[in-house]
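Some notes on the structure that comes next.
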Amino acid sequence: MLLFNKFKIAVARTTAFFSVLYSLYSFFRKDASVEVNKLSFYIFASKYINMIVMFIPIKLLFILSGAKNISFLFDIEQKLGRNTYIALLVCIVIVLYIFDMVAKIYKGKLTNQQKDKIENKKYSFRGKDISQKIVQRTYSPYCQMISDFLVLAASIFVFLVLSPHYAVYYVCVVVSYFLLLEYLLFSPHQTRLLKKLNLDNNQFIQVCNGILYLIFFLGIVAVLFVKSIHILVAILILLVARISTTSLRTVFTSQKALRRDFFVNHE
């Protein structure tokens with residue numbers, strides 16, 4: 001019964017969190033004139049490009065070592081020829097690196113420009129006065145959080161394509177993880193677990209993140225036993241799981257920054 005009550009509390013807080021998060025989207029876009037969509041997209045794109053750039057060289061090494069390619073990619077390799085196929089992959093990596101570099105530069109410029117665009121006036125969010133300084137220090141964590149949710153959504157899509165079994169496993173783990181940390185980190189009082197561990201929230205998030213990645217990895221191993229998948233597919237799943245783990249960490253670190261100014265009085 002006690003566990004069920006804790007679960008209800010976590011669900012209620014999570015619901016309140018998403019409610020405020022939704023309201024903040026309109027607040028930052030319309031009231032503060034923050035380009036939320038652009039900033040979030042460039043952060044999201046940068047993360048996924050980095051993952052692809054990591055995967056393609058691994059794939060190239062597999063091909064050069066004589067390992068069997070993924071079936072549909074093997075067909076492409078056969079049509080183009082081995083050398084042309086390898087050259088194409090190298091070109092893709094170079095293009096992605098350049099795009100990633102340009103995206104990071106543009107994101108940095110856009111982030112700096114936003115600070116200047118935020119007017120020095122009193123803002124209002126759900127009846128609470130918000131100063132310019134608060135808007136300036138919270139719009140970036142908010143965009144970061146939106147990009148993290150985009151990463152999680154894209155990861156679910158990728159897993160559905162690569163391995164539906166793993167996609168179901170992934171969703172269950174992420175939801176459980178979110179509710180658990182929501183309860184442990186953002187309770188009105190410090191939980192006994194955090195007191196015993198003598199860790200602050202950021203340290204606890206890092207510890208949990210390491211455990212989460214291990215859980216994701218064990219899920220991949222389980223899928224390999226249940227259903228035979230190509231090793232390159234398994235590696236791709238692992239890389240996507242890795243950036244998902246990073247995104248889940250920044251979701252909670254960003255949430256900390258936002259709660260201080262927007263969430264406390266609305267839960």
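Identifiers in this document derive from the order of the structure tokens: chains are assigned A, B, ..., residues are numbered from 1 separately in each chain, and ligands are numbered from 1 in order of occurrence.
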Could you list, as a ChimeraX atom specification, every residue within 10 Å of A:Thr138, counting only C-alpha atoms and ignoring same-chain residues fewer than 5 positions away? /A:28,133,143-144,254-255,257-262
Neighbours of A:Ile58 within 9 Å (only C-alpha atoms; same-chain residues fewer than 4 positions away dropped), as a list in words? Met54, Phe62, Ile63, Leu232 and Ile235 of chain A
Residue selection dump (N, CA and C atoms) as an mmCIF file, in the first residue's frame:
```cif
data_model
loop_
_atom_site.group_PDB
_atom_site.id
_atom_site.type_symbol
_atom_site.label_atom_id
_atom_site.label_comp_id
_atom_site.auth_asym_id
_atom_site.auth_seq_id
_atom_site.Cartn_x
_atom_site.Cartn_y
_atom_site.Cartn_z
ATOM 1 N N MET A 54 29.574 8.265 -35.049
ATOM 2 C CA MET A 54 30.241 7.183 -34.317
ATOM 3 C C MET A 54 29.944 5.825 -34.945
ATOM 4 N N PHE A 62 33.968 -2.880 -39.755
ATOM 5 C CA PHE A 62 33.399 -4.217 -39.942
ATOM 6 C C PHE A 62 33.526 -4.659 -41.399
ATOM 7 N N ILE A 63 33.215 -3.746 -42.305
ATOM 8 C CA ILE A 63 33.282 -4.076 -43.735
ATOM 9 C C ILE A 63 34.722 -4.368 -44.153
ATOM 10 N N LEU A 232 25.807 -5.401 -36.054
ATOM 11 C CA LEU A 232 25.820 -3.959 -36.326
ATOM 12 C C LEU A 232 24.528 -3.292 -35.854
ATOM 13 N N ILE A 235 24.901 -2.911 -32.177
ATOM 14 C CA ILE A 235 25.786 -1.777 -31.868
ATOM 15 C C ILE A 235 25.042 -0.454 -32.042
#
```
Test item: residues at most 6 Å from stretch 117-126 of chain A, only C-alpha atoms, excluding those fewer than 5 positions along its chain, as an mmCIF file with N, CA and C atoms, in the first residue's frame:
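selection-v4.cif was written with the following content:
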```cif
data_model
loop_
_atom_site.group_PDB
_atom_site.id
_atom_site.type_symbol
_atom_site.label_atom_id
_atom_site.label_comp_id
_atom_site.auth_asym_id
_atom_site.auth_seq_id
_atom_site.Cartn_x
_atom_site.Cartn_y
_atom_site.Cartn_z
ATOM 1 N N ALA A 32 8.351 35.654 -24.254
ATOM 2 C CA ALA A 32 9.777 35.999 -24.196
ATOM 3 C C ALA A 32 10.447 36.000 -25.572
ATOM 4 N N SER A 131 11.151 37.736 -13.615
ATOM 5 C CA SER A 131 12.061 38.804 -14.033
ATOM 6 C C SER A 131 12.814 38.413 -15.303
ATOM 7 N N GLN A 132 13.456 39.406 -15.903
ATOM 8 C CA GLN A 132 14.254 39.162 -17.106
ATOM 9 C C GLN A 132 15.391 38.176 -16.823
#
```
Backbone-only DSSP, strand (DSSP E) members of stretch 109-142 of chain A, as a ChimeraX atom specification: /A:123-125,128-130
Residues as selected, N, CA and C atoms, written as a compact mmCIF listing (two decimals), in the first residue's frame, can you do that?
```txt
# COMPACT_ATOMS: atom_id res chain seq x y z
N TYR A 123 7.73 39.72 -16.56
CA TYR A 123 6.93 38.71 -17.25
C TYR A 123 6.01 38.05 -16.23
N SER A 124 4.98 37.42 -16.75
CA SER A 124 4.04 36.74 -15.86
C SER A 124 3.81 35.32 -16.35
N PHE A 125 3.93 34.38 -15.41
CA PHE A 125 3.67 32.98 -15.74
C PHE A 125 2.76 32.38 -14.68
N LYS A 128 2.41 34.40 -11.61
CA LYS A 128 3.65 34.70 -10.88
C LYS A 128 4.53 35.63 -11.71
N ASP A 129 5.05 36.68 -11.07
CA ASP A 129 5.94 37.61 -11.76
C ASP A 129 7.30 36.96 -12.00
N ILE A 130 7.78 37.09 -13.23
CA ILE A 130 9.06 36.52 -13.62
C ILE A 130 9.95 37.64 -14.15
```
Residues at most 10 Å from A:Val158, counting only C-alpha atoms, excluding those fewer than 6 positions away in the same chain, as a PyMOL selection string? chain A and resi 152+164+167+236-237+240
Keeping N, CA and C atoms for every residue in the selection just given, could you write it to a file as a PDB file, in the first residue's frame?
```pdb
ATOM      1  N   LEU A 152      14.476  11.206 -27.053  1.00  0.00           N
ATOM      2  CA  LEU A 152      13.789  10.016 -26.536  1.00  0.00           C
ATOM      3  C   LEU A 152      12.738   9.517 -27.528  1.00  0.00           C
ATOM      4  N   PRO A 164      11.409  -4.208 -32.339  1.00  0.00           N
ATOM      5  CA  PRO A 164      10.206  -3.866 -31.562  1.00  0.00           C
ATOM      6  C   PRO A 164      10.253  -4.398 -30.127  1.00  0.00           C
ATOM      7  N   ALA A 167      12.167  -1.979 -28.186  1.00  0.00           N
ATOM      8  CA  ALA A 167      11.414  -0.724 -28.051  1.00  0.00           C
ATOM      9  C   ALA A 167      10.466  -0.786 -26.856  1.00  0.00           C
ATOM     10  N   LEU A 236      24.247  -0.367 -33.105  1.00  0.00           N
ATOM     11  CA  LEU A 236      23.462   0.849 -33.335  1.00  0.00           C
ATOM     12  C   LEU A 236      22.464   1.071 -32.200  1.00  0.00           C
ATOM     13  N   ILE A 237      21.817   0.006 -31.760  1.00  0.00           N
ATOM     14  CA  ILE A 237      20.886   0.106 -30.630  1.00  0.00           C
ATOM     15  C   ILE A 237      21.625   0.602 -29.385  1.00  0.00           C
ATOM     16  N   VAL A 240      22.364   4.347 -29.711  1.00  0.00           N
ATOM     17  CA  VAL A 240      21.141   5.132 -29.502  1.00  0.00           C
ATOM     18  C   VAL A 240      20.761   5.127 -28.021  1.00  0.00           C
TER      19      VAL A 240
END
```
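Of the listed residues (A:Tyr106, A:Tyr85, A:Phe159, A:Tyr142), A:Tyr142 comes nearest to A:Ser40; the distances count only C-alpha atoms.
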Long-range neighbours of A:Leu214 as a PyMOL selection string, 12 Å cut-off, only C-alpha atoms, 3 positions minimum in chain: chain A and resi 173+207-211+217-221+238+241-242+245
For the selection just defined, write its residues with N, CA and C atoms to a file, as an mmCIF file, in the first residue's frame.
```cif
data_model
loop_
_atom_site.group_PDB
_atom_site.id
_atom_site.type_symbol
_atom_site.label_atom_id
_atom_site.label_comp_id
_atom_site.auth_asym_id
_atom_site.auth_seq_id
_atom_site.Cartn_x
_atom_site.Cartn_y
_atom_site.Cartn_z
ATOM 1 N N VAL A 173 11.424 0.796 -19.263
ATOM 2 C CA VAL A 173 12.551 1.219 -18.427
ATOM 3 C C VAL A 173 12.550 2.736 -18.243
ATOM 4 N N VAL A 207 24.997 8.675 -10.794
ATOM 5 C CA VAL A 207 25.041 7.267 -10.374
ATOM 6 C C VAL A 207 23.926 6.477 -11.058
ATOM 7 N N CYS A 208 22.727 7.027 -11.029
ATOM 8 C CA CYS A 208 21.574 6.358 -11.649
ATOM 9 C C CYS A 208 21.755 6.218 -13.155
ATOM 10 N N ASN A 209 22.422 7.206 -13.751
ATOM 11 C CA ASN A 209 22.652 7.171 -15.194
ATOM 12 C C ASN A 209 23.536 5.995 -15.596
ATOM 13 N N GLY A 210 24.545 5.745 -14.788
ATOM 14 C CA GLY A 210 25.413 4.599 -15.052
ATOM 15 C C GLY A 210 24.657 3.284 -14.951
ATOM 16 N N ILE A 211 23.805 3.188 -13.938
ATOM 17 C CA ILE A 211 22.991 1.977 -13.763
ATOM 18 C C ILE A 211 22.010 1.829 -14.924
ATOM 19 N N PHE A 217 21.953 -1.964 -21.704
ATOM 20 C CA PHE A 217 22.862 -2.941 -22.308
ATOM 21 C C PHE A 217 22.369 -4.372 -22.073
ATOM 22 N N LEU A 218 21.932 -4.648 -20.858
ATOM 23 C CA LEU A 218 21.417 -5.983 -20.547
ATOM 24 C C LEU A 218 20.181 -6.304 -21.392
ATOM 25 N N GLY A 219 19.401 -5.276 -21.686
ATOM 26 C CA GLY A 219 18.239 -5.461 -22.555
ATOM 27 C C GLY A 219 18.652 -5.878 -23.957
ATOM 28 N N ILE A 220 19.735 -5.286 -24.449
ATOM 29 C CA ILE A 220 20.244 -5.654 -25.784
ATOM 30 C C ILE A 220 20.713 -7.107 -25.788
ATOM 31 N N VAL A 221 21.410 -7.495 -24.725
ATOM 32 C CA VAL A 221 21.875 -8.884 -24.608
ATOM 33 C C VAL A 221 20.680 -9.840 -24.605
ATOM 34 N N LEU A 238 22.824 0.082 -29.180
ATOM 35 C CA LEU A 238 23.615 0.484 -28.013
ATOM 36 C C LEU A 238 23.987 1.965 -28.074
ATOM 37 N N ALA A 241 20.923 3.970 -27.387
ATOM 38 C CA ALA A 241 20.644 3.878 -25.947
ATOM 39 C C ALA A 241 21.574 4.796 -25.164
ATOM 40 N N ARG A 242 22.798 4.924 -25.650
ATOM 41 C CA ARG A 242 23.775 5.778 -24.965
ATOM 42 C C ARG A 242 23.357 7.247 -24.992
ATOM 43 N N THR A 245 20.509 7.805 -22.704
ATOM 44 C CA THR A 245 20.932 7.885 -21.305
ATOM 45 C C THR A 245 21.413 9.292 -20.967
#
```
